[in-house]
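K.L.:
Pasting in a structure now, in structure tokens, and then I'll have a few things to ask.
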Amino acid sequence: MQTSRSTFTAADRLHRRAEFVHVQRVGVRSQTAHFVLYAARTHDAPTVRLGTTVPRKLGNAVVRNKLKRRIRECFRLQLRSLFDLGTSLVVIGRNGAQSLTTSAVADELGNAAGQLRARLESRV
RNA sequence: GGAGUGAGUCGGGCGAUCGCUCCUAUCAGGAGAGGAAAGUCCGGGCACCACAGGGCAGGGUGGCCGCUAACGGCGGCGCGGAGUGAUCCGCGGAAAGUGGCACAGAAAACAUACCGCCCGUUUUGGGUAAGGGUGAAAUGGCGGGGUAAGAGCCCACCGGCGGCCGAGUGAUCGGACGCGCAUGCUAAACCCCACCCGGUGCAAGACCAAAUAGGAGGGUGAGUGGCCCGCUCAUAUCCCUCGGGUAUGGUCGCUAGAGCCCAUGAGCAAUCAUGCGGCCCAGAUGAAUGAUCGCCGCCCGCGAGGGUACAGAACCCGGCUUACAGACUCGCUCCGGUU
RNA sequence: GCGCCAGUAGCUCAGGGGAAAGAGCAGCGGCCUUCUAAGCCGCGGGUCAGGGGUUCGAAUCCCUUCUGGCGCG
């Protein structure tokens, strides 16, 4: 099973704007102090996919890349195992997220993802 | 040693674990952000449209000579200015024409005379531009002669203008001669002169796959230069409009190049040439180059500890501009000390 | 990635070489009114986005930086 490994390849990412929009329209939503998360069942392949959005307001390219890489690292190591296969997750950074430490990002995303999983199950 | 000035280099290091992208000889191994990758201010390659051609319009550059694929870049030289100096900054034409120069001032450039000064007269007329005053700017400067008072009116020096001779590829410099001097500033005002510039951009462009309905109406036009000419294509299997459908998919372009390093030679230099000299150095596409931990370096702090710049390739190069903690190298100048 | 536009008072905008930079709304004070609104009178408020240059003189012309916005596909 792919999710048991900690890899992160092209198959694990969202690629098109339409996919991002779809998750944000039909998925369940959870908001924290520094992030907005959406999750939805989208596909049949045995993967959980991630897309990240960091607006330009948060900083220059170096700052934004750093935040996206931290989010991706949290997803790879802990978030993915919380969701069923076929789920897509979108994480949007809010102002202030760029100055968090990696462990703070992990805590905040972990709590939010737990709520999302519960709401996804209750919806189905 | 201090102050300054001009070039240039680096811009953290080592290791462990978990990951990402690409490549290859695929149980594995290798490579993987910058000096600015940035801003997009210039220039070129490449691609398509004519092989980018003529004219107009528009834009750019601006001392001279060179370098270069090209440039608004760089190098050398010339002139002017700033600085004790090393060094730095500036640069076509105002006697081709048009316009502008507020306020103040008599007058802002065809000219003119407010207060003065001088002569004659006592109403006023004439001669002056020395002095005063206004202004950002007032019709060469300074000294002497001269005169009623003055003035290039005359003279010397400086400045200016003109052609001549000489040096230099040239900008320009030097020389003697002539002219008492005629030409205020502004061209990042219009403009003139010389030179340069076709447009659009890798989302260029090429191929493959999939899909729909050769439905209706109109047309000499279409190929995107701002316009005209010209050129090419099509006269229906073409173009436009309306309506509808599929869909915004894949591969190539895509990284070996005006490439990097070294040596020798030419040149003051920018730069160029040669070597059967060495090297291969990102190629992603919601977009890789990361996360965590340990040790060391540097900075701040008594310490616990904290900090470690600016910043992330997107077709590729050459420049310019802007941002940048800190560290280092070399040349030169001035001042001070020692011998 | 490429192309284009804007930035002037708290807000919306004029002004395109010579001003002490204006207008409307808003604000403050006064008059009127029992009070408020309306009306009338007055007042304050500006590094003309920042820096450099051209000119005697720059909000205006030129260069550069920053910020905001729009378009293409």
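FYI, nothing fancy with the structure tokens labels: chains A, B, ... in order, residues from 1 per chain, ligands from 1 as they appear.
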Return as a compact mmCIF listing (two decimals) with N, CA and C atoms, in the first residue's frame the residues belonging to chain A that are within 7 Å of chain B, counting only C-alpha atoms (C1' of nucleotides).
P.N.:
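part-v3.txt written:
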```
# COMPACT_ATOMS: atom_id res chain seq x y z
N THR A 7 6.62 8.48 0.79
CA THR A 7 7.05 9.14 -0.44
C THR A 7 6.10 10.26 -0.80
N LEU A 14 -2.05 17.64 -6.43
CA LEU A 14 -3.05 18.21 -7.33
C LEU A 14 -2.31 19.03 -8.38
N HIS A 15 -2.81 18.93 -9.64
CA HIS A 15 -2.06 19.53 -10.75
C HIS A 15 -2.76 20.67 -11.45
N ARG A 16 -4.08 20.69 -11.40
CA ARG A 16 -4.78 21.66 -12.24
C ARG A 16 -5.66 22.56 -11.39
N ALA A 61 9.18 34.91 -2.86
CA ALA A 61 9.17 33.54 -3.33
C ALA A 61 9.86 32.60 -2.36
N VAL A 62 10.95 33.07 -1.73
CA VAL A 62 11.68 32.20 -0.80
C VAL A 62 10.79 31.84 0.39
N ARG A 69 6.87 23.87 1.50
CA ARG A 69 7.67 22.67 1.76
C ARG A 69 7.40 22.14 3.17
N GLU A 73 5.84 18.48 4.04
CA GLU A 73 6.55 17.58 4.93
C GLU A 73 5.60 17.04 6.01
```
K.L.:
Taking the chain letters and numbering used in this document, name the residues of region 50-97 of chain A that DSSP puts in strand (DSSP E or B), as a list of chain:residue names.
P.N.:
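Selection result, strand (DSSP E or B) within region 50-97 of chain A: A:Leu50, A:Gly51, A:Thr52, A:Thr53, A:Thr87, A:Ser88, A:Leu89, A:Val90, A:Val91, A:Ile92, A:Gly93.
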K.L.:
Save out the residues we just selected, all heavy atoms, as a tab-separated table (two decimals), in the first residue's frame.
P.N.:
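As a result, out_38.tsv now contains:
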```
chain	number	residue	atom	x	y	z
A	50	LEU	N	-2.49	16.02	-2.22
A	50	LEU	CA	-2.34	17.30	-1.52
A	50	LEU	C	-2.13	18.42	-2.53
A	50	LEU	O	-1.39	18.27	-3.50
A	50	LEU	CB	-1.13	17.25	-0.57
A	50	LEU	CG	-0.74	18.58	0.09
A	50	LEU	CD1	-1.75	18.98	1.14
A	50	LEU	CD2	0.64	18.48	0.70
A	51	GLY	N	-2.77	19.56	-2.28
A	51	GLY	CA	-2.45	20.78	-3.01
A	51	GLY	C	-2.28	21.91	-2.01
A	51	GLY	O	-3.06	22.02	-1.07
A	52	THR	N	-1.27	22.74	-2.21
A	52	THR	CA	-1.05	23.86	-1.29
A	52	THR	C	-1.16	25.17	-2.05
A	52	THR	O	-0.75	25.27	-3.21
A	52	THR	CB	0.33	23.80	-0.63
A	52	THR	OG1	1.32	23.77	-1.63
A	52	THR	CG2	0.45	22.58	0.23
A	53	THR	N	-1.71	26.19	-1.37
A	53	THR	CA	-1.81	27.52	-1.94
A	53	THR	C	-1.28	28.50	-0.91
A	53	THR	O	-1.72	28.49	0.24
A	53	THR	CB	-3.27	27.87	-2.27
A	53	THR	OG1	-3.75	26.95	-3.24
A	53	THR	CG2	-3.37	29.27	-2.81
A	87	THR	N	-9.04	10.56	-1.28
A	87	THR	CA	-9.35	11.87	-0.75
A	87	THR	C	-8.32	12.87	-1.25
A	87	THR	O	-7.14	12.54	-1.40
A	87	THR	CB	-9.31	11.84	0.79
A	87	THR	OG1	-10.21	10.86	1.24
A	87	THR	CG2	-9.69	13.19	1.37
A	88	SER	N	-8.78	14.11	-1.51
A	88	SER	CA	-7.87	15.20	-1.85
A	88	SER	C	-7.94	16.26	-0.76
A	88	SER	O	-9.02	16.55	-0.26
A	88	SER	CB	-8.21	15.84	-3.19
A	88	SER	OG	-7.91	14.94	-4.23
A	89	LEU	N	-6.79	16.82	-0.43
A	89	LEU	CA	-6.69	17.82	0.63
A	89	LEU	C	-6.07	19.08	0.04
A	89	LEU	O	-5.08	19.02	-0.69
A	89	LEU	CB	-5.81	17.29	1.76
A	89	LEU	CG	-5.60	18.19	2.98
A	89	LEU	CD1	-6.89	18.33	3.76
A	89	LEU	CD2	-4.51	17.62	3.87
A	90	VAL	N	-6.68	20.24	0.36
A	90	VAL	CA	-6.12	21.52	-0.07
A	90	VAL	C	-5.83	22.34	1.17
A	90	VAL	O	-6.69	22.49	2.04
A	90	VAL	CB	-7.10	22.28	-0.99
A	90	VAL	CG1	-6.61	23.71	-1.22
A	90	VAL	CG2	-7.24	21.58	-2.32
A	91	VAL	N	-4.60	22.86	1.27
A	91	VAL	CA	-4.19	23.68	2.40
A	91	VAL	C	-3.85	25.07	1.87
A	91	VAL	O	-3.07	25.21	0.94
A	91	VAL	CB	-2.97	23.08	3.12
A	91	VAL	CG1	-2.57	23.97	4.29
A	91	VAL	CG2	-3.27	21.68	3.59
A	92	ILE	N	-4.48	26.08	2.48
A	92	ILE	CA	-4.22	27.47	2.08
A	92	ILE	C	-3.60	28.19	3.26
A	92	ILE	O	-4.12	28.13	4.38
A	92	ILE	CB	-5.53	28.17	1.66
A	92	ILE	CG1	-6.15	27.44	0.47
A	92	ILE	CG2	-5.27	29.63	1.32
A	92	ILE	CD1	-7.53	27.92	0.12
A	93	GLY	N	-2.49	28.86	3.03
A	93	GLY	CA	-1.82	29.59	4.10
A	93	GLY	C	-2.49	30.92	4.35
A	93	GLY	O	-2.92	31.59	3.42
```
K.L.:
As a PyMOL selection string, please: the residues near G52 (chain C) (cut-off 12 Å, only C-alpha atoms (C1' of nucleotides), same-chain neighbours under 5 positions excluded).
P.N.:
chain C and resi 62-65
K.L.:
Take the residues that were just selected and, keeping all heavy atoms, output them as a compact mmCIF listing (two decimals), in the first residue's frame.
P.N.:
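Heads up, here's the output in again.txt:
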```txt
# COMPACT_ATOMS: atom_id res chain seq x y z
P C C 62 8.67 62.86 -19.82
OP1 C C 62 8.30 62.07 -21.00
OP2 C C 62 7.96 62.66 -18.55
O5' C C 62 10.22 62.65 -19.55
C5' C C 62 11.15 62.67 -20.62
C4' C C 62 12.55 62.43 -20.12
O4' C C 62 12.93 63.49 -19.21
C3' C C 62 12.75 61.17 -19.30
O3' C C 62 12.91 60.02 -20.12
C2' C C 62 14.00 61.50 -18.50
O2' C C 62 15.16 61.36 -19.29
C1' C C 62 13.79 62.98 -18.21
N1 C C 62 13.16 63.22 -16.88
C2 C C 62 13.93 63.09 -15.72
O2 C C 62 15.11 62.76 -15.81
N3 C C 62 13.36 63.33 -14.52
C4 C C 62 12.08 63.69 -14.45
N4 C C 62 11.56 63.91 -13.24
C5 C C 62 11.28 63.82 -15.61
C6 C C 62 11.85 63.58 -16.79
P C C 63 12.42 58.57 -19.56
OP1 C C 63 12.56 57.61 -20.66
OP2 C C 63 11.12 58.73 -18.90
O5' C C 63 13.51 58.22 -18.45
C5' C C 63 14.84 57.92 -18.83
C4' C C 63 15.73 57.76 -17.62
O4' C C 63 15.72 58.97 -16.82
C3' C C 63 15.34 56.68 -16.63
O3' C C 63 15.71 55.39 -17.06
C2' C C 63 16.05 57.13 -15.37
O2' C C 63 17.43 56.80 -15.44
C1' C C 63 15.92 58.64 -15.46
N1 C C 63 14.77 59.16 -14.67
C2 C C 63 14.89 59.26 -13.27
O2 C C 63 15.95 58.90 -12.74
N3 C C 63 13.86 59.73 -12.55
C4 C C 63 12.74 60.12 -13.17
N4 C C 63 11.74 60.59 -12.42
C5 C C 63 12.59 60.03 -14.58
C6 C C 63 13.62 59.55 -15.28
P U C 64 14.81 54.11 -16.64
OP1 U C 64 15.43 52.92 -17.25
OP2 U C 64 13.40 54.43 -16.92
O5' U C 64 15.00 54.01 -15.06
C5' U C 64 16.26 53.60 -14.51
C4' U C 64 16.29 53.81 -13.02
O4' U C 64 15.99 55.21 -12.71
C3' U C 64 15.27 53.04 -12.21
O3' U C 64 15.67 51.70 -11.98
C2' U C 64 15.19 53.86 -10.93
O2' U C 64 16.30 53.60 -10.09
C1' U C 64 15.31 55.28 -11.47
N1 U C 64 13.99 55.92 -11.68
C2 U C 64 13.32 56.39 -10.57
O2 U C 64 13.77 56.31 -9.44
N3 U C 64 12.12 56.97 -10.82
C4 U C 64 11.50 57.12 -12.05
O4 U C 64 10.41 57.67 -12.10
C5 U C 64 12.25 56.61 -13.15
C6 U C 64 13.44 56.03 -12.94
P U C 65 14.53 50.56 -11.79
OP1 U C 65 15.22 49.26 -11.87
OP2 U C 65 13.39 50.85 -12.69
O5' U C 65 14.03 50.77 -10.29
C5' U C 65 14.91 50.48 -9.21
C4' U C 65 14.35 51.00 -7.90
O4' U C 65 14.08 52.42 -8.01
C3' U C 65 13.02 50.41 -7.48
O3' U C 65 13.14 49.15 -6.86
C2' U C 65 12.49 51.48 -6.52
O2' U C 65 13.14 51.38 -5.26
C1' U C 65 12.96 52.76 -7.21
N1 U C 65 11.91 53.35 -8.07
C2 U C 65 10.89 54.05 -7.46
O2 U C 65 10.82 54.18 -6.25
N3 U C 65 9.96 54.57 -8.30
C4 U C 65 9.94 54.49 -9.68
O4 U C 65 9.04 55.03 -10.31
C5 U C 65 11.03 53.76 -10.24
C6 U C 65 11.95 53.23 -9.44
```
K.L.:
Write out as a PyMOL selection string all residues of chain A that DSSP puts in helix (DSSP H, G or I) for this structure's backbone.
P.N.:
chain A and resi 2-4+10-12+17-26+56-58+61-82+97-99+102-123
K.L.:
Would you mind reading off the distance between C1' of C66 (chain C) and C1' of G53 (chain C), one decimal, in Å?
P.N.:
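The value is 18.9 Å.
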K.L.:
Write out as a PyMOL selection string each polymer residue whose atoms come within 12 Å of G29 (chain C), counting only C-alpha atoms (C1' of nucleotides); drop sequence neighbours fewer than 3 positions from it.
P.N.:
chain C and resi 41-44
K.L.:
So that I can check the surroundings of region 159-161 of chain B, please list as number ranges by chain every protein, DNA and RNA residue that reaches within 10 Å of it, counting only C-alpha atoms (C1' of nucleotides) and ignoring chain neighbours fewer than 2 positions away.
P.N.:
B: 140-141, 179, 181-183
K.L.:
Write out as a ChimeraX atom specification each polymer residue whose atoms come within 12 Å of region 42-47 of chain A, counting only C-alpha atoms (C1' of nucleotides); drop sequence neighbours fewer than 4 positions from it.
P.N.:
/A:1-14,18-27,38,76,80-81,83-90
K.L.:
Include C-alpha atoms and write out the residues we just selected as a short mmCIF file (atom, residue, chain, number, x, y, z; two decimals), in the first residue's frame.
P.N.:
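The new file again.cif reads:
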```
data_model
loop_
_atom_site.label_atom_id
_atom_site.label_comp_id
_atom_site.auth_asym_id
_atom_site.auth_seq_id
_atom_site.Cartn_x
_atom_site.Cartn_y
_atom_site.Cartn_z
CA MET A 1 0.00 0.00 0.00
CA GLN A 2 1.44 3.30 -1.10
CA THR A 3 0.27 5.30 1.90
CA SER A 4 2.32 3.17 4.24
CA ARG A 5 5.46 4.66 2.70
CA SER A 6 6.49 8.27 3.20
CA THR A 7 7.05 9.14 -0.44
CA PHE A 8 5.64 12.16 -2.24
CA THR A 9 5.56 11.91 -6.04
CA ALA A 10 3.66 13.63 -8.82
CA ALA A 11 0.74 11.23 -8.31
CA ASP A 12 0.30 12.58 -4.77
CA ARG A 13 -0.20 16.20 -5.87
CA LEU A 14 -3.05 18.21 -7.33
CA ALA A 18 -9.97 22.80 -11.84
CA GLU A 19 -8.97 20.24 -9.21
CA PHE A 20 -8.29 22.91 -6.62
CA VAL A 21 -11.60 24.62 -7.35
CA HIS A 22 -13.50 21.32 -7.17
CA VAL A 23 -12.13 20.45 -3.71
CA GLN A 24 -12.86 23.93 -2.40
CA ARG A 25 -16.46 23.87 -3.70
CA VAL A 26 -17.62 20.40 -2.68
CA GLY A 27 -15.27 19.57 0.20
CA TYR A 38 -10.48 21.61 2.51
CA ARG A 76 4.00 13.25 4.08
CA ARG A 80 -1.89 11.41 4.97
CA SER A 81 -2.52 8.38 7.18
CA PHE A 83 -7.59 10.11 5.46
CA ASP A 84 -9.17 7.41 3.34
CA LEU A 85 -7.75 6.62 -0.08
CA GLY A 86 -9.25 8.70 -2.86
CA THR A 87 -9.35 11.87 -0.75
CA SER A 88 -7.87 15.20 -1.85
CA LEU A 89 -6.69 17.82 0.63
CA VAL A 90 -6.12 21.52 -0.07
#
```
K.L.:
I'd like the contact shell of region 313-316 of chain B - 9 Å cut-off, only C-alpha atoms (C1' of nucleotides), skipping same-chain residues fewer than 3 positions apart - returned as a PyMOL selection string.
P.N.:
(chain B and resi 33-34+37+45-46+202+253-255+257+282-285+287) or (chain C and resi 1)
K.L.:
Would you compute the distance between C1' of G8 (chain B) and C1' of A36 (chain B)? Give it in Å to one decimal.
P.N.:
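The value is 16.2 Å.
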K.L.:
Expressed in Å to a single decimal, how great is the separation between C1' of C195 (chain B) and C1' of G170 (chain B)?
P.N.:
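Those two atoms sit 16.7 Å apart.
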